[in-house]
>>> print(open('protein-v6.cif').read())   # mmCIF, C-alpha atoms and all ligand atoms
data_target
#
loop_
_atom_site.label_atom_id
_atom_site.label_comp_id
_atom_site.auth_asym_id
_atom_site.auth_seq_id
_atom_site.Cartn_x
_atom_site.Cartn_y
_atom_site.Cartn_z
CA MET V 338 44.56 -92.09 246.70
CA THR V 339 42.54 -92.26 243.46
CA SER V 340 42.73 -89.24 241.13
CA ALA V 341 39.61 -87.26 240.13
CA GLY V 342 40.03 -88.67 236.59
CA GLY V 343 40.19 -92.19 238.05
CA GLU V 344 37.02 -91.62 240.09
CA ARG V 345 35.25 -90.27 237.05
CA ASP V 346 36.26 -93.34 235.03
CA ARG V 347 35.00 -95.60 237.85
CA VAL V 348 31.66 -93.77 237.84
CA LEU V 349 31.28 -93.88 234.07
CA GLU V 350 32.23 -97.55 233.89
CA ALA V 351 29.78 -98.48 236.67
CA LYS V 352 27.05 -96.45 234.96
CA GLU V 353 27.64 -98.32 231.74
CA ARG V 354 27.50 -101.68 233.48
CA LEU V 355 24.32 -100.83 235.38
CA GLY V 356 22.73 -99.44 232.21
CA ARG V 357 19.00 -98.74 232.37
CA LYS V 358 18.77 -100.15 235.88
CA LEU V 359 20.34 -96.90 237.10
CA LEU V 360 19.33 -93.24 237.06
CA VAL V 361 21.68 -90.64 238.53
CA LEU V 362 19.96 -87.39 239.42
CA ALA V 363 21.81 -84.22 240.45
CA HIS V 364 20.55 -80.94 241.84
CA HIS V 365 21.81 -77.78 240.12
CA TYR V 366 23.77 -76.80 243.26
CA GLN V 367 25.97 -79.90 243.05
CA ARG V 368 29.66 -79.64 242.20
CA ASP V 369 30.52 -79.69 238.48
CA GLU V 370 32.22 -83.09 238.84
CA ILE V 371 28.81 -84.54 239.85
CA ALA V 372 26.63 -82.45 237.51
CA GLU V 373 28.74 -83.62 234.56
CA VAL V 374 28.19 -87.34 235.15
CA ALA V 375 24.50 -87.19 236.13
CA ASP V 376 21.80 -88.45 233.75
CA PHE V 377 19.59 -85.51 234.64
CA ARG V 378 20.15 -82.18 236.36
CA GLY V 379 17.28 -80.18 237.78
CA ASP V 380 15.74 -78.11 240.55
CA SER V 381 13.69 -79.79 243.28
CA LEU V 382 10.42 -79.84 241.31
CA GLU V 383 12.05 -81.22 238.17
CA LEU V 384 13.92 -83.85 240.17
CA ALA V 385 10.76 -84.86 242.09
CA ARG V 386 8.93 -85.27 238.78
CA ARG V 387 11.78 -87.19 237.17
CA ALA V 388 12.06 -89.49 240.20
CA ALA V 389 8.29 -90.13 240.12
CA GLN V 390 8.43 -91.11 236.42
CA ALA V 391 11.65 -93.13 236.56
CA ALA V 392 11.61 -96.74 235.40
CA ALA V 393 15.11 -97.45 236.74
CA GLN V 394 15.53 -99.86 239.64
CA TYR V 395 18.12 -97.64 241.34
CA ILE V 396 17.81 -93.88 241.65
CA VAL V 397 21.01 -92.35 242.98
CA PHE V 398 20.17 -88.90 244.23
CA CYS V 399 23.03 -86.40 244.33
CA GLY V 400 21.59 -83.60 246.38
CA VAL V 401 20.53 -83.24 250.00
CA HIS V 402 18.72 -85.72 252.20
CA PHE V 403 15.17 -84.33 252.01
CA MET V 404 15.34 -84.61 248.20
CA ALA V 405 16.35 -88.28 248.30
CA GLU V 406 13.60 -88.87 250.88
CA THR V 407 11.10 -87.24 248.51
CA ALA V 408 12.25 -89.54 245.71
CA ALA V 409 11.91 -92.55 248.06
CA ILE V 410 8.35 -91.48 248.95
CA LEU V 411 7.44 -91.24 245.26
CA ALA V 412 9.31 -94.42 244.27
CA ARG V 413 7.46 -97.44 242.94
CA PRO V 414 7.56 -100.77 244.81
CA GLY V 415 10.92 -102.41 244.25
CA GLN V 416 12.67 -99.16 243.30
CA ARG V 417 15.61 -98.16 245.50
CA VAL V 418 16.73 -94.62 246.23
CA LEU V 419 20.29 -94.06 247.40
CA ILE V 420 22.16 -90.96 248.48
CA PRO V 421 25.96 -90.79 248.22
CA ARG V 422 26.23 -88.56 251.33
CA GLU V 423 23.74 -89.36 254.05
CA ASP V 424 25.01 -86.38 256.06
CA ALA V 425 23.92 -83.90 253.37
CA GLY V 426 21.22 -82.03 255.27
CA CYS V 427 19.61 -78.64 254.69
CA PHE V 428 19.61 -75.65 257.03
CA LEU V 429 16.06 -74.83 256.06
CA ALA V 430 14.73 -78.38 256.50
CA HIS V 431 16.35 -78.43 259.95
CA SER V 432 14.38 -75.34 261.00
CA VAL V 433 11.21 -77.38 261.61
CA ASP V 434 10.56 -80.78 263.11
CA ARG V 435 7.41 -82.72 263.85
CA VAL V 436 7.49 -81.99 267.61
CA GLN V 437 7.68 -78.22 267.03
CA LEU V 438 4.92 -78.48 264.47
CA LEU V 439 2.65 -80.45 266.82
CA ASP V 440 3.34 -77.87 269.51
CA ALA V 441 2.38 -74.99 267.19
CA TRP V 442 -0.75 -76.82 266.05
CA ASP V 443 -1.74 -77.48 269.64
CA ARG V 444 -1.17 -73.88 270.75
CA LEU V 445 -3.06 -72.45 267.77
CA SER V 446 -5.97 -74.78 268.49
CA ALA V 447 -6.67 -72.57 271.55
CA VAL V 448 -7.83 -69.74 269.26
CA MET V 449 -9.10 -71.49 266.13
CA ASP V 450 -10.50 -74.78 264.92
CA VAL V 451 -7.21 -75.84 263.36
CA GLU V 452 -8.63 -78.89 261.59
CA ARG V 453 -11.20 -76.78 259.74
CA GLU V 454 -9.63 -73.34 259.56
CA LEU V 455 -5.91 -73.90 259.09
CA LEU V 456 -4.40 -75.66 256.08
CA PRO V 457 -0.68 -76.46 256.22
CA VAL V 458 1.58 -76.03 253.19
CA ALA V 459 5.15 -77.32 253.45
CA TYR V 460 8.01 -76.31 251.26
CA VAL V 461 9.55 -79.48 249.86
CA ASN V 462 12.69 -78.61 251.90
CA THR V 463 11.33 -80.46 254.94
CA THR V 464 11.71 -83.93 256.41
CA ALA V 465 9.35 -86.75 255.46
CA GLU V 466 7.79 -86.50 258.94
CA VAL V 467 6.87 -82.85 258.39
CA LYS V 468 5.45 -83.66 254.94
CA ALA V 469 3.46 -86.49 256.53
CA PHE V 470 1.96 -84.09 259.09
CA VAL V 471 0.97 -81.72 256.29
CA GLY V 472 -0.45 -84.48 254.08
CA GLY V 473 -2.34 -85.94 257.03
CA HIS V 474 -4.03 -82.56 257.57
CA GLY V 475 -5.17 -82.15 253.96
CA GLY V 476 -2.28 -79.87 252.99
CA ALA V 477 0.22 -79.90 250.15
CA CYS V 478 3.92 -79.50 249.52
CA CYS V 479 5.38 -76.86 247.24
CA THR V 480 8.69 -76.02 245.64
CA SER V 481 9.93 -72.56 244.71
CA SER V 482 8.60 -73.17 241.16
CA SER V 483 5.18 -74.19 242.40
CA ALA V 484 4.75 -72.00 245.52
CA LYS V 485 2.43 -69.52 243.80
CA GLU V 486 0.07 -72.21 242.44
CA VAL V 487 0.07 -74.20 245.69
CA LEU V 488 -0.48 -71.20 247.97
CA SER V 489 -3.25 -70.00 245.70
CA TRP V 490 -4.78 -73.52 245.81
CA ALA V 491 -4.57 -73.47 249.63
CA ILE V 492 -6.07 -70.01 250.25
CA LYS V 493 -9.07 -70.94 248.10
CA ARG V 494 -9.70 -73.95 250.34
CA SER V 495 -9.12 -72.59 253.80
CA PRO V 496 -9.58 -69.33 255.71
CA ARG V 497 -5.99 -69.60 256.96
CA VAL V 498 -2.80 -71.21 255.65
CA PHE V 499 0.20 -72.27 257.72
CA PHE V 500 3.26 -71.96 255.44
CA ILE V 501 6.26 -73.99 256.63
CA PRO V 502 9.24 -73.37 257.03
CA ASP V 503 10.59 -70.64 254.71
CA GLN V 504 9.24 -67.30 255.87
CA TYR V 505 10.79 -65.48 252.91
CA LEU V 506 9.43 -67.77 250.23
CA GLY V 507 6.06 -67.41 252.00
CA ARG V 508 6.25 -63.63 252.09
CA ASN V 509 7.50 -63.26 248.51
CA THR V 510 4.76 -65.56 247.27
CA ALA V 511 2.12 -63.74 249.33
CA ARG V 512 3.17 -60.51 247.62
CA LEU V 513 2.64 -62.12 244.20
CA LEU V 514 -0.85 -63.18 245.26
CA GLY V 515 -1.70 -59.75 246.68
CA ILE V 516 -2.03 -60.90 250.31
CA PRO V 517 -1.49 -57.71 252.34
CA GLU V 518 1.14 -57.49 255.06
CA GLU V 519 -1.48 -57.02 257.80
CA GLU V 520 -2.98 -60.42 256.99
CA ILE V 521 0.34 -62.20 257.62
CA ALA V 522 1.76 -63.35 260.98
CA LEU V 523 5.07 -64.96 261.89
CA TRP V 524 5.30 -68.11 264.04
CA ASP V 525 8.58 -68.36 265.92
CA PRO V 526 8.96 -71.99 267.11
CA HIS V 527 11.70 -71.01 269.59
CA HIS V 528 9.63 -68.24 271.16
CA PRO V 529 5.99 -69.20 270.63
CA PRO V 530 3.80 -66.08 270.96
CA GLN V 531 1.97 -65.64 274.25
CA ASP V 532 -0.85 -63.61 272.75
CA LEU V 533 -2.45 -65.88 270.17
CA ALA V 534 -5.55 -63.81 269.50
CA PRO V 535 -4.02 -61.91 266.52
CA PHE V 536 -3.41 -65.24 264.71
CA LYS V 537 -7.14 -65.73 264.50
CA GLU V 538 -7.43 -62.72 262.19
CA LYS V 539 -4.63 -63.71 259.78
CA ARG V 540 -4.86 -65.40 256.40
CA LEU V 541 -1.28 -66.54 256.33
CA ILE V 542 0.92 -67.78 259.19
CA LEU V 543 4.59 -68.12 258.28
CA TRP V 544 7.04 -70.39 260.06
CA ARG V 545 10.18 -68.52 261.08
CA GLY V 546 12.72 -70.44 259.00
CA ALA V 547 15.14 -69.42 256.26
CA CYS V 548 17.88 -70.80 254.05
CA ASN V 549 21.19 -69.58 255.39
CA VAL V 550 22.61 -69.38 251.86
CA HIS V 551 19.89 -67.12 250.42
CA VAL V 552 19.69 -64.85 253.50
CA ARG V 553 23.22 -63.76 252.68
CA PHE V 554 21.97 -61.51 249.87
CA LEU V 555 21.24 -58.02 251.16
CA PRO V 556 19.69 -54.84 249.73
CA GLU V 557 23.18 -53.26 249.87
CA ASP V 558 24.34 -55.89 247.38
CA VAL V 559 21.69 -54.82 244.89
CA GLU V 560 22.65 -51.16 245.36
CA ARG V 561 26.37 -51.97 244.96
CA VAL V 562 25.97 -53.95 241.69
CA ARG V 563 23.66 -51.29 240.25
CA ARG V 564 26.26 -48.58 240.98
CA LYS V 565 29.03 -50.64 239.43
CA HIS V 566 27.09 -52.01 236.42
CA PRO V 567 24.38 -49.54 235.37
CA ARG V 568 22.90 -52.00 232.82
CA VAL V 569 22.80 -54.94 235.22
CA ARG V 570 19.73 -57.18 235.53
CA VAL V 571 19.32 -58.50 239.06
CA ILE V 572 17.65 -61.91 239.34
CA VAL V 573 17.13 -63.64 242.69
CA HIS V 574 15.65 -66.81 244.14
CA PRO V 575 12.44 -66.40 246.20
CA GLU V 576 14.20 -67.76 249.31
CA CYS V 577 15.95 -64.34 249.42
CA ARG V 578 14.77 -61.66 251.84
CA PRO V 579 11.71 -59.72 250.60
CA GLU V 580 13.73 -56.46 250.82
CA VAL V 581 16.09 -57.97 248.22
CA ALA V 582 13.31 -59.49 246.10
CA LYS V 583 11.58 -56.09 245.92
CA LEU V 584 14.75 -54.44 244.55
CA ALA V 585 15.45 -57.19 242.01
CA ASP V 586 14.36 -57.09 238.36
CA GLU V 587 13.30 -60.73 238.44
CA VAL V 588 12.45 -63.26 241.15
CA GLY V 589 12.16 -66.93 240.31
CA SER V 590 13.05 -70.53 241.03
CA THR V 591 16.31 -72.13 240.01
CA SER V 592 14.87 -73.33 236.69
CA TYR V 593 13.41 -69.86 236.04
CA ILE V 594 16.81 -68.24 236.68
CA ILE V 595 18.52 -70.69 234.32
CA ARG V 596 15.94 -70.08 231.59
CA LYS V 597 16.03 -66.28 231.90
CA VAL V 598 19.82 -66.07 231.78
CA THR V 599 20.18 -68.64 228.98
CA GLU V 600 17.50 -67.01 226.80
CA SER V 601 18.68 -63.42 227.32
CA THR V 602 20.33 -61.53 224.49
CA PRO V 603 24.13 -61.66 224.18
CA GLY V 604 25.82 -58.92 226.15
CA THR V 605 23.26 -58.95 229.00
CA VAL V 606 24.81 -58.42 232.42
CA TRP V 607 23.30 -60.55 235.21
CA ALA V 608 23.81 -60.38 238.97
CA VAL V 609 22.34 -63.59 240.35
CA GLY V 610 21.13 -64.11 243.91
CA THR V 611 21.35 -67.84 244.47
CA GLU V 612 23.78 -70.62 245.37
CA HIS V 613 27.14 -70.01 243.77
CA ARG V 614 27.80 -73.34 242.05
CA LEU V 615 24.79 -72.69 239.86
CA VAL V 616 25.87 -69.10 239.21
CA ALA V 617 29.41 -70.18 238.26
CA ARG V 618 28.03 -72.86 235.91
CA LEU V 619 25.68 -70.32 234.31
CA ALA V 620 28.64 -67.99 233.73
CA LYS V 621 30.62 -70.83 232.12
CA GLU V 622 27.73 -71.97 229.92
CA ASN V 623 26.84 -68.41 228.79
CA PRO V 624 30.15 -66.92 227.64
CA ASP V 625 28.28 -64.32 225.51
CA LYS V 626 26.81 -62.75 228.70
CA THR V 627 28.30 -61.46 231.91
CA VAL V 628 27.02 -63.49 234.86
CA PHE V 629 28.18 -63.10 238.47
CA SER V 630 26.97 -63.52 242.03
CA LEU V 631 24.97 -60.73 243.60
CA ALA V 632 27.01 -61.13 246.81
CA ASP V 633 30.71 -60.74 247.38
CA PRO V 634 31.94 -63.21 248.52
CA PRO V 635 29.36 -65.50 246.91
CA PRO V 636 27.54 -67.99 249.17
CA TYR V 637 27.84 -71.75 248.72
CA CYS V 638 25.62 -74.39 250.27
CA SER V 639 28.00 -76.47 252.37
CA TYR V 640 25.59 -79.42 252.40
CA MET V 641 25.26 -79.45 248.62
CA SER V 642 29.06 -79.31 248.37
CA LEU V 643 29.56 -82.52 250.35
CA THR V 644 29.03 -84.98 247.50
CA ARG V 645 32.23 -85.81 245.60
CA LEU V 646 32.89 -88.21 242.75
CA SER V 647 34.45 -90.64 245.24
CA ASP V 648 31.11 -90.81 247.14
CA LEU V 649 29.17 -91.51 243.96
CA ALA V 650 31.77 -94.07 242.85
CA ARG V 651 31.43 -95.86 246.22
CA VAL V 652 27.64 -96.14 245.87
CA LEU V 653 27.82 -97.39 242.28
CA SER V 654 30.55 -99.93 243.15
CA GLY V 655 28.33 -101.14 246.00
CA LEU V 656 25.40 -101.61 243.60
CA LEU V 657 27.62 -103.66 241.27
CA LYS V 658 28.42 -105.94 244.22
CA GLY V 659 24.73 -106.39 245.04
CA LYS V 660 24.82 -103.98 248.01
CA GLU V 661 22.75 -100.83 248.52
CA PRO V 662 24.96 -98.26 250.27
CA GLY V 663 23.22 -95.05 251.33
CA ARG V 664 19.75 -96.44 250.77
CA VAL V 665 17.01 -94.03 251.89
CA GLU V 666 13.85 -95.65 253.23
CA VAL V 667 10.73 -93.99 254.58
CA PRO V 668 8.34 -96.17 256.64
CA GLY V 669 4.88 -96.61 255.12
CA GLU V 670 3.02 -94.78 257.90
CA ILE V 671 5.09 -91.66 257.13
CA ALA V 672 5.45 -92.18 253.37
CA ASP V 673 1.70 -92.51 252.69
CA PRO V 674 0.54 -89.12 254.07
CA ALA V 675 3.75 -87.46 252.83
CA ARG V 676 3.02 -88.81 249.33
CA ALA V 677 -0.49 -87.36 249.53
CA ALA V 678 1.04 -83.89 250.18
CA LEU V 679 3.48 -84.30 247.29
CA GLU V 680 0.81 -85.57 244.91
CA ARG V 681 -1.40 -82.57 245.74
CA MET V 682 1.52 -80.36 244.71
CA LEU V 683 2.06 -82.24 241.45
CA GLU V 684 -1.69 -81.96 240.73
CA ALA V 685 -1.79 -78.23 241.61
CA VAL V 686 0.97 -77.48 239.06
CA GLY V 687 -0.36 -79.91 236.43
S1 LIG I 701 20.77 -73.89 249.51
FE1 LIG I 701 19.57 -73.58 251.36
S2 LIG I 701 17.61 -74.55 250.99
FE2 LIG I 701 19.05 -75.33 249.43
S3 LIG I 701 19.86 -77.21 250.32
FE3 LIG I 701 21.29 -75.59 250.88
S4 LIG I 701 20.54 -74.89 252.91
FE4 LIG I 701 18.89 -76.10 251.99
#
>>> encode(input="protein-v6.cif", output="structure tokens")
Amino acid sequence: MTSAGGERDRVLEAKERLGRKLLVLAHHYQRDEIAEVADFRGDSLELARRAAQAAAQYIVFCGVHFMAETAAILARPGQRVLIPREDAGCFLAHSVDRVQLLDAWDRLSAVMDVERELLPVAYVNTTAEVKAFVGGHGGACCTSSSAKEVLSWAIKRSPRVFFIPDQYLGRNTARLLGIPEEEIALWDPHHPPQDLAPFKEKRLILWRGACNVHVRFLPEDVERVRRKHPRVRVIVHPECRPEVAKLADEVGSTSYIIRKVTESTPGTVWAVGTEHRLVARLAKENPDKTVFSLADPPPYCSYMSLTRLSDLARVLSGLLKGKEPGRVEVPGEIADPARAALERMLEAVG
């Protein structure tokens, strides 16, 4: 068995040998052992941008599968995207597939002209097939950093928007844009509504999906930390329940949370409602502040935790031998419309 130090040396040596041909990207929720050896760490929007601009021949994406797929869709001809753990999925991305989406589209077409009146917006946490459906129907992708701009872009273009699949991100963003509760409806793919008439009157239809890490934060958690730490600032990710977001002092994407905590004055006490590896790293990197998880015990994303140094070392060793282990490919007929949805997002946020 190789030690963690040995794996790290293997990774660093392979990185040196591959030089500028290689770019290792890591999501903020990755283990420290991965975050420390990556060339760039970011949230999904930052990583999508970095992948789109990369000159490297090989992009090794340490994150979950939909992120590597996104990088593969945005890759230039000849560029290769590889993921060290092909089994790294996402609970949220699994909450919608193309068949369910086609079924919803078909059912809703009974009460509205879906092609003219309903514009789909997909959170980037979706499969390439779902992004392709959205792009093929004139819609756009969004991330938690860009949800406000993209939803605002969509509601200006269409009487109704179908927001897929994170109901809480949709609802929290709708609140920011002043869309009233009575103009929002929920689409449950497992129990499609029988009475479709009310959907005709809505401006926003939300897919009933959620991230099972962020749903763990509850209003009771906010009340508990406020009782215990009267000066606490509560900051949460917009995938959290709206009841939690309403009680928080700040709501924002991963990069927003990092910026707010890092730029706060020494001595600030933060309770953070997001994946725990990021929270623990923030605590370590901000020793002049008190930073802890809003929930007890804190929630981890099991998919994000899968990637270990040994997995990265295996991919890099394969590249050195002329192989491409864990290569992620998206067929052109899916990649082209999916890219259109992603490019509309990148344009909407500038
Ligand atoms: S934290 Fe939630 S949304 Fe992010 S990868 Fe894990 S399951 Fe998916």
>>> atom_distance(input="protein-v6.cif", atom1="atom CA of His365 of chain V", atom2="atom CA of Ser592 of chain V")
8.9 Å
>>> closest_residue(input="protein-v6.cif", among="V:Ala459, V:Leu646, V:Leu429, V:Met682", to="ligand LIG 701 (chain I)", atoms="only C-alpha atoms and all ligand atoms")
V:Leu429
>>> residues_near_point(input="protein-v6.cif", point="(18.0, -90.7, 243.6)", cutoff="7 Å", atoms="only C-alpha atoms", output="list in words")
Val361, Leu362, Ala388, Ile396, Val397, Phe398, Cys399, Ala405, Ala408, Val418, Leu419 and Ile420 of chain V
>>> write_last_selection(input="protein-v6.cif", atoms="C-alpha atoms", output="PDB file, in the frame of the given file")
ATOM      1  CA  VAL V 361      21.680 -90.640 238.530  1.00  0.00           C
ATOM      2  CA  LEU V 362      19.960 -87.390 239.420  1.00  0.00           C
ATOM      3  CA  ALA V 388      12.060 -89.490 240.200  1.00  0.00           C
ATOM      4  CA  ILE V 396      17.810 -93.880 241.650  1.00  0.00           C
ATOM      5  CA  VAL V 397      21.010 -92.350 242.980  1.00  0.00           C
ATOM      6  CA  PHE V 398      20.170 -88.900 244.230  1.00  0.00           C
ATOM      7  CA  CYS V 399      23.030 -86.400 244.330  1.00  0.00           C
ATOM      8  CA  ALA V 405      16.350 -88.280 248.300  1.00  0.00           C
ATOM      9  CA  ALA V 408      12.250 -89.540 245.710  1.00  0.00           C
ATOM     10  CA  VAL V 418      16.730 -94.620 246.230  1.00  0.00           C
ATOM     11  CA  LEU V 419      20.290 -94.060 247.400  1.00  0.00           C
ATOM     12  CA  ILE V 420      22.160 -90.960 248.480  1.00  0.00           C
TER      13      ILE V 420
END
>>> atom_distance(input="protein-v6.cif", atom1="atom CA of Gly604 of chain V", atom2="atom CA of Lys583 of chain V")
24.5 Å
>>> residues_near_ligand(input="protein-v6.cif", ligand="ligand LIG 701 (chain I)", cutoff="7 Å", atoms="only C-alpha atoms and all ligand atoms", output="count of residues only")
15
>>> closest_residue(input="protein-v6.cif", among="V:Ser647, V:Gln437, V:Thr407, V:Ser489", to="Leu384 of chain V", atoms="all atoms listed in the file")
V:Thr407
>>> residues_around(input="protein-v6.cif", residues="Arg570 of chain V", least_positions_apart="3", cutoff="9 Å", atoms="all atoms listed in the file", output="ChimeraX atom specification")
/V:563,567,585-587,605-609
>>> closest_residue(input="protein-v6.cif", among="V:Asp440, V:Gln416, V:Asp434, V:Arg645", to="Arg345 of chain V", atoms="only C-alpha atoms")
V:Arg645
>>> atom_distance(input="protein-v6.cif", atom1="atom CA of Asp648 of chain V", atom2="atom CA of Asp424 of chain V")
11.7 Å
>>> axis_aligned_box(input="protein-v6.cif", around="segment 635-645 of chain V", padding_each_side="4 Å", output="JSON")
{"center_x": 28.7, "center_y": -75.7, "center_z": 249.0, "size_x": 15.0, "size_y": 28.3, "size_z": 14.8}
>>> build_atoms(input="protein-v6.cif", residues="segment 355-381 of chain V", atoms="N, CA and C atoms", output="PDB file, in the frame of the given file")
ATOM      1  N   LEU V 355      25.668-100.776 234.779  1.00  0.00           N
ATOM      2  CA  LEU V 355      24.320-100.830 235.380  1.00  0.00           C
ATOM      3  C   LEU V 355      23.240-100.461 234.355  1.00  0.00           C
ATOM      4  N   GLY V 356      23.636 -99.736 233.334  1.00  0.00           N
ATOM      5  CA  GLY V 356      22.730 -99.440 232.210  1.00  0.00           C
ATOM      6  C   GLY V 356      21.424 -98.815 232.648  1.00  0.00           C
ATOM      7  N   ARG V 357      20.320 -99.347 232.112  1.00  0.00           N
ATOM      8  CA  ARG V 357      19.000 -98.740 232.370  1.00  0.00           C
ATOM      9  C   ARG V 357      18.458 -99.034 233.761  1.00  0.00           C
ATOM     10  N   LYS V 358      19.197 -99.886 234.495  1.00  0.00           N
ATOM     11  CA  LYS V 358      18.770-100.150 235.880  1.00  0.00           C
ATOM     12  C   LYS V 358      19.042 -98.940 236.775  1.00  0.00           C
ATOM     13  N   LEU V 359      19.856 -98.008 236.263  1.00  0.00           N
ATOM     14  CA  LEU V 359      20.340 -96.900 237.100  1.00  0.00           C
ATOM     15  C   LEU V 359      19.935 -95.538 236.538  1.00  0.00           C
ATOM     16  N   LEU V 360      19.547 -94.641 237.442  1.00  0.00           N
ATOM     17  CA  LEU V 360      19.330 -93.240 237.060  1.00  0.00           C
ATOM     18  C   LEU V 360      20.055 -92.375 238.087  1.00  0.00           C
ATOM     19  N   VAL V 361      20.953 -91.534 237.606  1.00  0.00           N
ATOM     20  CA  VAL V 361      21.680 -90.640 238.530  1.00  0.00           C
ATOM     21  C   VAL V 361      21.104 -89.230 238.370  1.00  0.00           C
ATOM     22  N   LEU V 362      20.543 -88.732 239.436  1.00  0.00           N
ATOM     23  CA  LEU V 362      19.960 -87.390 239.420  1.00  0.00           C
ATOM     24  C   LEU V 362      20.868 -86.430 240.193  1.00  0.00           C
ATOM     25  N   ALA V 363      20.980 -85.201 239.726  1.00  0.00           N
ATOM     26  CA  ALA V 363      21.810 -84.220 240.450  1.00  0.00           C
ATOM     27  C   ALA V 363      21.085 -82.878 240.516  1.00  0.00           C
ATOM     28  N   HIS V 364      21.107 -82.289 241.690  1.00  0.00           N
ATOM     29  CA  HIS V 364      20.550 -80.940 241.840  1.00  0.00           C
ATOM     30  C   HIS V 364      21.531 -79.933 241.224  1.00  0.00           C
ATOM     31  N   HIS V 365      20.977 -78.817 240.759  1.00  0.00           N
ATOM     32  CA  HIS V 365      21.810 -77.780 240.120  1.00  0.00           C
ATOM     33  C   HIS V 365      22.909 -77.235 241.030  1.00  0.00           C
ATOM     34  N   TYR V 366      22.760 -77.357 242.357  1.00  0.00           N
ATOM     35  CA  TYR V 366      23.770 -76.800 243.260  1.00  0.00           C
ATOM     36  C   TYR V 366      24.933 -77.759 243.500  1.00  0.00           C
ATOM     37  N   GLN V 367      24.890 -78.939 242.846  1.00  0.00           N
ATOM     38  CA  GLN V 367      25.970 -79.900 243.050  1.00  0.00           C
ATOM     39  C   GLN V 367      27.256 -79.419 242.371  1.00  0.00           C
ATOM     40  N   ARG V 368      28.368 -79.954 242.825  1.00  0.00           N
ATOM     41  CA  ARG V 368      29.660 -79.640 242.200  1.00  0.00           C
ATOM     42  C   ARG V 368      29.634 -80.033 240.728  1.00  0.00           C
ATOM     43  N   ASP V 369      30.456 -79.370 239.914  1.00  0.00           N
ATOM     44  CA  ASP V 369      30.520 -79.690 238.480  1.00  0.00           C
ATOM     45  C   ASP V 369      30.857 -81.156 238.238  1.00  0.00           C
ATOM     46  N   GLU V 370      31.774 -81.702 239.063  1.00  0.00           N
ATOM     47  CA  GLU V 370      32.220 -83.090 238.840  1.00  0.00           C
ATOM     48  C   GLU V 370      31.029 -84.058 238.930  1.00  0.00           C
ATOM     49  N   ILE V 371      30.010 -83.694 239.718  1.00  0.00           N
ATOM     50  CA  ILE V 371      28.810 -84.540 239.850  1.00  0.00           C
ATOM     51  C   ILE V 371      27.823 -84.192 238.738  1.00  0.00           C
ATOM     52  N   ALA V 372      27.598 -82.887 238.539  1.00  0.00           N
ATOM     53  CA  ALA V 372      26.630 -82.450 237.510  1.00  0.00           C
ATOM     54  C   ALA V 372      26.997 -83.036 236.146  1.00  0.00           C
ATOM     55  N   GLU V 373      28.300 -83.142 235.883  1.00  0.00           N
ATOM     56  CA  GLU V 373      28.740 -83.620 234.560  1.00  0.00           C
ATOM     57  C   GLU V 373      28.490 -85.100 234.313  1.00  0.00           C
ATOM     58  N   VAL V 374      28.398 -85.895 235.361  1.00  0.00           N
ATOM     59  CA  VAL V 374      28.190 -87.340 235.150  1.00  0.00           C
ATOM     60  C   VAL V 374      26.743 -87.772 235.395  1.00  0.00           C
ATOM     61  N   ALA V 375      25.897 -86.824 235.827  1.00  0.00           N
ATOM     62  CA  ALA V 375      24.500 -87.190 236.130  1.00  0.00           C
ATOM     63  C   ALA V 375      23.724 -87.429 234.832  1.00  0.00           C
ATOM     64  N   ASP V 376      22.663 -88.234 234.922  1.00  0.00           N
ATOM     65  CA  ASP V 376      21.800 -88.450 233.750  1.00  0.00           C
ATOM     66  C   ASP V 376      20.851 -87.275 233.579  1.00  0.00           C
ATOM     67  N   PHE V 377      20.539 -86.621 234.701  1.00  0.00           N
ATOM     68  CA  PHE V 377      19.590 -85.510 234.640  1.00  0.00           C
ATOM     69  C   PHE V 377      19.915 -84.530 235.752  1.00  0.00           C
ATOM     70  N   ARG V 378      19.883 -83.256 235.403  1.00  0.00           N
ATOM     71  CA  ARG V 378      20.150 -82.180 236.360  1.00  0.00           C
ATOM     72  C   ARG V 378      18.870 -81.372 236.495  1.00  0.00           C
ATOM     73  N   GLY V 379      18.509 -80.959 237.683  1.00  0.00           N
ATOM     74  CA  GLY V 379      17.280 -80.180 237.780  1.00  0.00           C
ATOM     75  C   GLY V 379      17.147 -79.470 239.114  1.00  0.00           C
ATOM     76  N   ASP V 380      16.058 -78.697 239.245  1.00  0.00           N
ATOM     77  CA  ASP V 380      15.740 -78.110 240.550  1.00  0.00           C
ATOM     78  C   ASP V 380      14.847 -79.101 241.282  1.00  0.00           C
ATOM     79  N   SER V 381      14.391 -78.754 242.488  1.00  0.00           N
ATOM     80  CA  SER V 381      13.690 -79.790 243.280  1.00  0.00           C
ATOM     81  C   SER V 381      12.412 -80.282 242.621  1.00  0.00           C
TER      82      SER V 381
END
